[in-house]
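Note sheet for the following structure.
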Amino acid sequence: MSGTEDSQRVEFSGIVRAAQISGSETEIEVTSGGYRLRAYFPIAPDLDLQSLIGDKVLLKGTVAAAFNAPLRHFITVTLFIPQLNDFVIEESPLKNPFDEPLTPLNGIAQFRKNSSLESRVHVKGVVTYQRNGEDLFIQDDTGGLQIKTRQLTPVVPGDVVEAVGFSAVDNFLPVLEDASFRKTSDPQVKPQPKSATINGLLEGIHHADLINLRGRLIDRLSKGIGQNEDNSTTRTTLVLQTSNFLFTAEKDTSEPNSLLDAIPIGSLVEINGICLLESGDDGKIKSLRILLPTSHDIRIIEKPSWFTPQHLLITLAIVFTVLIVAITWIVMVVKRNSMLKSSMREKELAQYELQHAHDQLEERVKERTAQLKVEMTARKESEVQFRATLTERTRLAQELHDTLEQTMTGIALQMDMVASQFGKNPDSASHHLKLARNLMRQSQIDVRRSVWGLRSRATEQFNLTNALITNSRQITDGASMRVEIKTSGEAVALSEVAEENLLRIGQEAITNAVKHSGATLTTINLEFDSSKVILQITDNGKGFVPETCVGPKDGHFGLLGIHERTERLGGKLLITSAPENGTTIHVEIPVK
């Protein structure tokens with residue numbers, strides 16, 4: 001077995017442990033002196049290979065050593081026997097091994113009188129699990145046993161079988177090797193798992209037994225162990241913990257094991273499976289492995305709490321993110337506080353200077369207070385005169401805007417029409433020239449009326465409706481806009497100021513519609529009531545946004561004048577307009 005006899009002819013004796021036909025030769029496995037090797041010899045037609053198992057044979061042949069070529073490492077040796085005469089059976093058991101007395105399963109490794117590693121052991125038990133072509137697990141009242149066999153006869157859990165094989169030690173625990181088995185006629189017995197404890201397992205009890213054990217799932221691993229794509233096998237390994245002891249549970253399937261993969265990490269589970277222990281040379285158990293006969297041999301007792309490792313990682317990630325945000329916020333606050341402190345120092349210095357100036361100012365104020373007391377009376381009189389003057393100036397500005405400016409606008413519109421029609425239609429141009437002349441006369445009348453208003457407020461014969469009709473026709477004549485006037489209610493006597501202001505409001509509204517709105521129709525509603533007069537002008541023009549329209553800053557005083565006139569009369573003004581929705585000016589004046 002050391003390889004020193006490579007290519008030499010040797011002879012030695014050994015016990016046949018396995019035999020089969022391999023191609024055109026007979027292949028046997030022989031043990032001798034604690035070693036195991038393969039030997040090949042020609043096929044003997046009348047030779048029963050199964051009868052060779054357990055025979056002591058003398059072999060003569062040539063040794064061939066096998067090496068790992070890249071590493072030049074010695075692997076093993078094989079014996080090639082050239083002819084049948086070189087294969088001699090020296091000793092053959094007289095009895096059928098199945099006729100030997102039965103040995104209890106827990107007595108395989110116990111001391112027995114006249115026991116020998118070269119003799120086969122006869123056992124009997126109930127099948128708990130089979131990995132066909134690899135091994136078989138059985139148990140009886142004394143315990144369980146792993147039987148290593150290449151026999152492909154299928155059995156199911158509960159079948160009662162007999163087996164013969166050679167007792168051996170694997171990982172310092174008993175096992176039956178090179179075994180053959182047969183199914184008995186005994187009725188099936190449902191195997192019952194034995195309740196196991198960690199202390200009992202650590203003492204070596206229950207090896208190869210069908211046991212029941214609880215544990216908490218802490219990890220899971222799935223990997224392929226098949227040789228090729230046509231023979232792929234997935235091994236699912238569960239790592240469990242009980243009483244500070246870790247062990248594994250395994251199940252081989254042809255496809256990914258969805259049942260085992262669905263068990264949540266951290267679950268408390270109960271397992272029924274074959275216990276495989278691994279012992280050291282000191283007799284102490286080093287590891288525990290459980291083989292699951294089926295995926296249903298594991299049952300969830302208690303699902304994990306929310307606080308799992310995955311959730312812990314998520315929580316830590318969230319906390320870490322919050323800490324980063326908090327640190328960033330703290331740094332920003334510190335920087336801002338530093339800037340605020342600097343700003344506060346500057347403000348304190350400025351406040352000190354202001355306080356000093358304030359003190360000086362107070363001294364000056366005290367000096368000026370006496371002078372101001374004397375001057376206050378004169379100022380109040382000046383303010384009264386100024387307000388009166390300002391009021392009159394405002395009234396004059398409105399009067400000029402509502403008379404001269406509106407009339408001038410009408411004249412300008414008519415003169416534009418004259419200029420455009422003079423060459424093409426002299427009659428039309430002449431008509432518009434007459435209108436312009438009429439507007440000029442009206443302007444003279446308005447100016448005289450304004451001058452007379454400055455000299456005397458005597459009542460004149462005046463009709464508000466007719467005045468609105470006349471002014472609207474003069475303003476819109478020649479324009480593409482039509483004006484309709486509607487009145488309702490019984491006309492009441494209004495003051496000259498109220499009639500004059502309502503007329504000017506109507507004029508301004510119509511002028512704005514002609515100049516800015518592009519409307520085709522303007523409706524004037526004049527409603528009389530015992531307590532109020534309502535003037536409403538509505539056009540169907542392009543409208544505007546009241547909040548953003550042009551005003552006095554842009555040289556447009558029309559809306560401001562309407563507002564001031566309404567406010568002077570103690571009335572209410574509502575302007576409603578929107579783009580492409582026309583404009584409505586609603587004025588409500590109380591009757592006194």
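Residue numbers start at 1 in each chain; chains themselves are named A, B, ... in the order of the structure tokens; ligands are numbered from 1 in the order shown.
Close contacts of range 416-419 of chain A, defined as residues with an atom at most 12 Å away when counting only C-alpha atoms, with chain neighbours fewer than 4 positions off set aside, comprise Thr409, Gly410, Ile411, Ala412, Gly423, Lys424, Asn425, Pro426, Asp427, Ser428, Ala429, Ser430, His431, His432, Leu433, Lys434, Leu435, Ala436, Arg437, Thr476, Asp477, Gly478, Ala479 and Ser480 of chain A.
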Next item on the list: Please identify all polymer residues within 7 Å of Thr583 in chain A, counting only C-alpha atoms, omitting same-chain residues fewer than 2 positions from it, and present them as a PyMOL selection string.
Entry: chain A and resi 538-541+543+576-577+581+585
Write out, as a tab-separated table, each residue of range 64-131 of chain A that has an atom at most 7 Å from range 151-174 of chain A, together with the closest pair of atoms and their distance in Å to one decimal, counting only C-alpha atoms, rows going by chain and rising number.
```
residue	atom	partner	partner_atom	distance
A:Pro97	CA	A:Val164	CA	6.5
A:Phe98	CA	A:Val164	CA	6.7
A:Ile108	CA	A:Ser167	CA	6.5
A:Ala109	CA	A:Pro174	CA	5.7
A:Leu117	CA	A:Ser167	CA	6.5
A:Ser119	CA	A:Phe166	CA	6.6
A:Arg120	CA	A:Phe166	CA	4.7
A:Val121	CA	A:Val164	CA	5.3
A:His122	CA	A:Val164	CA	4.5
A:Val123	CA	A:Ala163	CA	5.4
A:Lys124	CA	A:Glu162	CA	4.4
A:Gly125	CA	A:Val160	CA	5.6
A:Val126	CA	A:Val160	CA	4.5
A:Val127	CA	A:Pro157	CA	4.8
A:Thr128	CA	A:Pro157	CA	4.7
A:Tyr129	CA	A:Pro157	CA	5.8
```
Polymer residues at most 7 Å from Ile274 in chain A, only C-alpha atoms, same-chain spacing of 3 or more positions, as an mmCIF file with all heavy atoms, in the first residue's frame:
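Result file follows (result.cif):
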```cif
data_model
loop_
_atom_site.group_PDB
_atom_site.id
_atom_site.type_symbol
_atom_site.label_atom_id
_atom_site.label_comp_id
_atom_site.auth_asym_id
_atom_site.auth_seq_id
_atom_site.Cartn_x
_atom_site.Cartn_y
_atom_site.Cartn_z
ATOM 1 N N ALA A 208 -27.534 6.943 14.891
ATOM 2 C CA ALA A 208 -28.258 6.234 13.828
ATOM 3 C C ALA A 208 -29.705 5.946 14.211
ATOM 4 O O ALA A 208 -30.396 5.212 13.501
ATOM 5 C CB ALA A 208 -27.550 4.955 13.420
ATOM 6 N N ASP A 209 -30.180 6.519 15.321
ATOM 7 C CA ASP A 209 -31.568 6.343 15.735
ATOM 8 C C ASP A 209 -32.464 7.367 15.034
ATOM 9 O O ASP A 209 -32.009 8.446 14.631
ATOM 10 C CB ASP A 209 -31.702 6.543 17.253
ATOM 11 C CG ASP A 209 -31.598 5.222 17.987
ATOM 12 O OD1 ASP A 209 -31.587 4.186 17.316
ATOM 13 O OD2 ASP A 209 -31.532 5.243 19.229
ATOM 14 N N LEU A 210 -33.760 7.052 14.945
ATOM 15 C CA LEU A 210 -34.779 8.023 14.549
ATOM 16 C C LEU A 210 -35.190 8.767 15.815
ATOM 17 O O LEU A 210 -35.783 8.187 16.718
ATOM 18 C CB LEU A 210 -35.981 7.322 13.919
ATOM 19 C CG LEU A 210 -37.146 8.223 13.494
ATOM 20 C CD1 LEU A 210 -36.708 9.189 12.402
ATOM 21 C CD2 LEU A 210 -38.348 7.389 13.045
ATOM 22 N N ILE A 211 -34.834 10.061 15.886
ATOM 23 C CA ILE A 211 -35.036 10.809 17.126
ATOM 24 C C ILE A 211 -35.952 12.001 16.872
ATOM 25 O O ILE A 211 -36.215 12.388 15.722
ATOM 26 C CB ILE A 211 -33.690 11.309 17.714
ATOM 27 C CG1 ILE A 211 -33.043 12.326 16.768
ATOM 28 C CG2 ILE A 211 -32.758 10.149 17.998
ATOM 29 C CD1 ILE A 211 -31.867 13.057 17.377
ATOM 30 N N ILE A 290 -28.509 15.615 11.502
ATOM 31 C CA ILE A 290 -29.783 14.900 11.407
ATOM 32 C C ILE A 290 -30.185 14.830 9.939
ATOM 33 O O ILE A 290 -30.218 15.843 9.243
ATOM 34 C CB ILE A 290 -30.879 15.591 12.236
ATOM 35 C CG1 ILE A 290 -30.515 15.536 13.733
ATOM 36 C CG2 ILE A 290 -32.229 14.943 12.008
ATOM 37 C CD1 ILE A 290 -31.518 16.216 14.615
ATOM 38 N N LEU A 291 -30.477 13.598 9.492
ATOM 39 C CA LEU A 291 -30.963 13.384 8.137
ATOM 40 C C LEU A 291 -32.484 13.350 8.164
ATOM 41 O O LEU A 291 -33.077 12.586 8.928
ATOM 42 C CB LEU A 291 -30.418 12.069 7.568
ATOM 43 C CG LEU A 291 -28.894 11.927 7.523
ATOM 44 C CD1 LEU A 291 -28.515 10.576 6.942
ATOM 45 C CD2 LEU A 291 -28.260 13.045 6.722
ATOM 46 N N LEU A 292 -33.108 14.190 7.335
ATOM 47 C CA LEU A 292 -34.570 14.245 7.283
ATOM 48 C C LEU A 292 -35.077 13.248 6.250
ATOM 49 O O LEU A 292 -34.776 13.377 5.057
ATOM 50 C CB LEU A 292 -35.033 15.654 6.907
ATOM 51 C CG LEU A 292 -34.695 16.765 7.903
ATOM 52 C CD1 LEU A 292 -35.082 18.113 7.317
ATOM 53 C CD2 LEU A 292 -35.409 16.534 9.216
#
```
Notebook entry, point to check: Do you know which residues are at most 8 Å from Ile562 in chain A counting only C-alpha atoms, after dropping those on the same chain fewer than 4 positions away, and could you put them as a ChimeraX atom specification?
Noted result: /A:505,508,558,566
Excluding Tyr40 in chain A and residues on its chain fewer than 5 positions from it, collect all residues at most 6 Å away from it, counting only C-alpha atoms, and give them as a PDB file with N, CA and C atoms, in the first residue's frame.
```pdb
ATOM      1  N   THR A  26     -13.777  -9.236 -13.485  1.00  0.00           N
ATOM      2  CA  THR A  26     -14.396  -9.317 -12.175  1.00  0.00           C
ATOM      3  C   THR A  26     -13.645  -8.385 -11.239  1.00  0.00           C
ATOM      4  N   GLU A  27     -14.392  -7.530 -10.568  1.00  0.00           N
ATOM      5  CA  GLU A  27     -13.781  -6.576  -9.633  1.00  0.00           C
ATOM      6  C   GLU A  27     -14.162  -6.982  -8.220  1.00  0.00           C
ATOM      7  N   PHE A  80      -3.751  -6.369 -10.379  1.00  0.00           N
ATOM      8  CA  PHE A  80      -4.256  -6.990 -11.593  1.00  0.00           C
ATOM      9  C   PHE A  80      -3.811  -8.452 -11.634  1.00  0.00           C
ATOM     10  N   ILE A  81      -4.796  -9.355 -11.613  1.00  0.00           N
ATOM     11  CA  ILE A  81      -4.539 -10.809 -11.595  1.00  0.00           C
ATOM     12  C   ILE A  81      -4.719 -11.311 -13.018  1.00  0.00           C
TER      13      ILE A  81
END
```
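Distances here use only C-alpha atoms; by that measure, the residue among A:Met481, A:Ala493, A:Val374, A:Leu217 closest to Leu464 in chain A is A:Ala493.
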Next item on the list: Could you find all residues in range 14-248 of chain A that DSSP calls strand (DSSP E) from the backbone, and write them as an MDAnalysis selection string?
Entry: chainID A and resid 14:22 25:32 35:42 56:68 73:80 87:91 120:131 135:140 143:148 160:170 173:183 194:195 210:224 234:242 245:248
Item checked: Atom-to-atom span, CA of Arg150 in chain A and CA of Glu134 in chain A, Å ->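 Result for CA of Arg150 in chain A versus CA of Glu134 in chain A: 5.7 Å, one decimal.
Between CA of Asn85 in chain A and CA of Arg36 in chain A the interatomic distance comes to 22.1 Å.
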Checklist line | Within 12 Å of Ser51 in chain A using only C-alpha atoms, minus same-chain residues under 5 positions, as a VMD selection string | finding: chain A and resid 16 to 20 46 56 89 91 to 97 180
Could you take the residues named above and write them with all heavy atoms, as a compact mmCIF listing (two decimals), in the first residue's frame?
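And here is the file that came out, result_1.txt:
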```txt
# COMPACT_ATOMS: atom_id res chain seq x y z
N VAL A 16 -12.60 -10.97 1.17
CA VAL A 16 -13.39 -10.31 0.14
C VAL A 16 -14.53 -9.56 0.82
O VAL A 16 -15.31 -10.15 1.58
CB VAL A 16 -13.94 -11.34 -0.87
CG1 VAL A 16 -14.80 -10.63 -1.92
CG2 VAL A 16 -12.81 -12.10 -1.55
N ARG A 17 -14.63 -8.26 0.51
CA ARG A 17 -15.68 -7.44 1.10
C ARG A 17 -16.77 -7.08 0.09
O ARG A 17 -17.92 -6.80 0.47
CB ARG A 17 -15.09 -6.15 1.67
CG ARG A 17 -14.02 -6.37 2.74
CD ARG A 17 -14.63 -7.01 3.97
NE ARG A 17 -15.47 -6.09 4.69
CZ ARG A 17 -15.04 -5.29 5.67
NH1 ARG A 17 -13.78 -5.32 6.06
NH2 ARG A 17 -15.89 -4.48 6.28
N ALA A 18 -16.43 -7.07 -1.19
CA ALA A 18 -17.42 -6.75 -2.23
C ALA A 18 -16.95 -7.35 -3.53
O ALA A 18 -15.74 -7.49 -3.76
CB ALA A 18 -17.60 -5.24 -2.37
N ALA A 19 -17.92 -7.69 -4.42
CA ALA A 19 -17.59 -8.29 -5.71
C ALA A 19 -18.65 -7.91 -6.72
O ALA A 19 -19.84 -7.88 -6.42
CB ALA A 19 -17.49 -9.81 -5.58
N GLN A 20 -18.18 -7.61 -7.96
CA GLN A 20 -19.09 -7.27 -9.04
C GLN A 20 -18.38 -7.41 -10.37
O GLN A 20 -17.16 -7.50 -10.42
CB GLN A 20 -19.62 -5.85 -8.86
CG GLN A 20 -18.54 -4.79 -8.96
CD GLN A 20 -19.08 -3.38 -8.81
OE1 GLN A 20 -20.26 -3.18 -8.68
NE2 GLN A 20 -18.19 -2.39 -8.84
N ASP A 46 -18.79 -19.89 -13.79
CA ASP A 46 -19.49 -20.66 -12.77
C ASP A 46 -19.28 -20.11 -11.36
O ASP A 46 -19.55 -20.79 -10.38
CB ASP A 46 -19.05 -22.13 -12.82
CG ASP A 46 -17.53 -22.27 -12.66
OD1 ASP A 46 -16.84 -21.22 -12.75
OD2 ASP A 46 -17.05 -23.40 -12.45
N LYS A 56 -11.83 -15.93 2.59
CA LYS A 56 -10.42 -15.59 2.66
C LYS A 56 -9.77 -16.11 1.40
O LYS A 56 -9.88 -17.30 1.07
CB LYS A 56 -9.78 -16.21 3.90
CG LYS A 56 -8.32 -15.83 4.07
CD LYS A 56 -7.75 -16.43 5.35
CE LYS A 56 -6.28 -16.03 5.54
NZ LYS A 56 -5.72 -16.62 6.77
N ILE A 89 -9.25 -19.45 -3.39
CA ILE A 89 -10.05 -19.33 -2.18
C ILE A 89 -9.44 -20.21 -1.11
O ILE A 89 -9.43 -21.44 -1.24
CB ILE A 89 -11.52 -19.73 -2.45
CG1 ILE A 89 -12.13 -18.81 -3.52
CG2 ILE A 89 -12.33 -19.67 -1.17
CD1 ILE A 89 -13.53 -19.21 -3.93
N GLU A 91 -10.23 -20.03 2.35
CA GLU A 91 -11.16 -20.41 3.42
C GLU A 91 -12.50 -19.75 3.15
O GLU A 91 -12.57 -18.57 2.81
CB GLU A 91 -10.61 -19.95 4.78
CG GLU A 91 -11.46 -20.33 5.96
CD GLU A 91 -10.87 -19.85 7.28
OE1 GLU A 91 -9.67 -19.49 7.30
OE2 GLU A 91 -11.61 -19.80 8.27
N SER A 92 -13.58 -20.54 3.26
CA SER A 92 -14.92 -20.02 2.99
C SER A 92 -15.83 -20.37 4.16
O SER A 92 -15.77 -21.50 4.66
CB SER A 92 -15.48 -20.63 1.70
OG SER A 92 -16.78 -20.15 1.46
N PRO A 93 -16.64 -19.41 4.63
CA PRO A 93 -17.56 -19.73 5.73
C PRO A 93 -18.48 -20.88 5.33
O PRO A 93 -18.97 -20.95 4.20
CB PRO A 93 -18.34 -18.43 5.93
CG PRO A 93 -17.48 -17.38 5.32
CD PRO A 93 -16.76 -18.03 4.19
N LEU A 94 -18.70 -21.80 6.30
CA LEU A 94 -19.52 -22.97 6.02
C LEU A 94 -21.00 -22.65 6.05
O LEU A 94 -21.80 -23.30 5.40
CB LEU A 94 -19.19 -24.08 7.03
CG LEU A 94 -17.73 -24.57 7.01
CD1 LEU A 94 -17.53 -25.65 8.09
CD2 LEU A 94 -17.35 -25.13 5.65
N LYS A 95 -21.38 -21.67 6.84
CA LYS A 95 -22.79 -21.37 7.03
C LYS A 95 -23.20 -20.16 6.21
O LYS A 95 -22.39 -19.29 5.90
CB LYS A 95 -23.08 -21.10 8.51
CG LYS A 95 -22.89 -22.33 9.41
CD LYS A 95 -23.28 -21.96 10.83
CE LYS A 95 -23.14 -23.17 11.76
NZ LYS A 95 -23.53 -22.83 13.15
N ASN A 96 -24.50 -20.10 5.93
CA ASN A 96 -25.11 -18.90 5.34
C ASN A 96 -25.15 -17.83 6.42
O ASN A 96 -25.65 -18.07 7.52
CB ASN A 96 -26.52 -19.23 4.86
CG ASN A 96 -27.16 -18.05 4.15
OD1 ASN A 96 -26.67 -16.95 4.20
ND2 ASN A 96 -28.28 -18.33 3.50
N PRO A 97 -24.61 -16.63 6.15
CA PRO A 97 -24.57 -15.60 7.21
C PRO A 97 -25.94 -15.23 7.73
O PRO A 97 -26.09 -14.79 8.87
CB PRO A 97 -23.87 -14.43 6.54
CG PRO A 97 -24.03 -14.66 5.07
CD PRO A 97 -24.03 -16.15 4.89
N SER A 180 -25.34 -6.70 2.86
CA SER A 180 -26.45 -7.05 2.00
C SER A 180 -27.67 -7.28 2.90
O SER A 180 -27.51 -7.64 4.07
CB SER A 180 -26.14 -8.30 1.16
OG SER A 180 -25.87 -9.41 2.01
```
Checklist line | Minimum-distance residue to Leu49 in chain A, chosen among A:Ala69, A:Ile28, A:Ala262, A:Asp281 (using only C-alpha atoms) | finding: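 Result for the nearest residue to Leu49 in chain A: A:Ile28.
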Margin query: Let's see if you can do this: from backbone DSSP, list all alpha helix (DSSP H) residues in range 288-354 of chain A, as a ChimeraX atom specification.
Written below: /A:309-354
Check: Which one is closest to Asn512 in chain A: A:Ala491, A:Leu559, A:Leu372, A:Val483? Count only C-alpha atoms.
Finding: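 Closest residue, counting only C-alpha atoms: A:Leu559.
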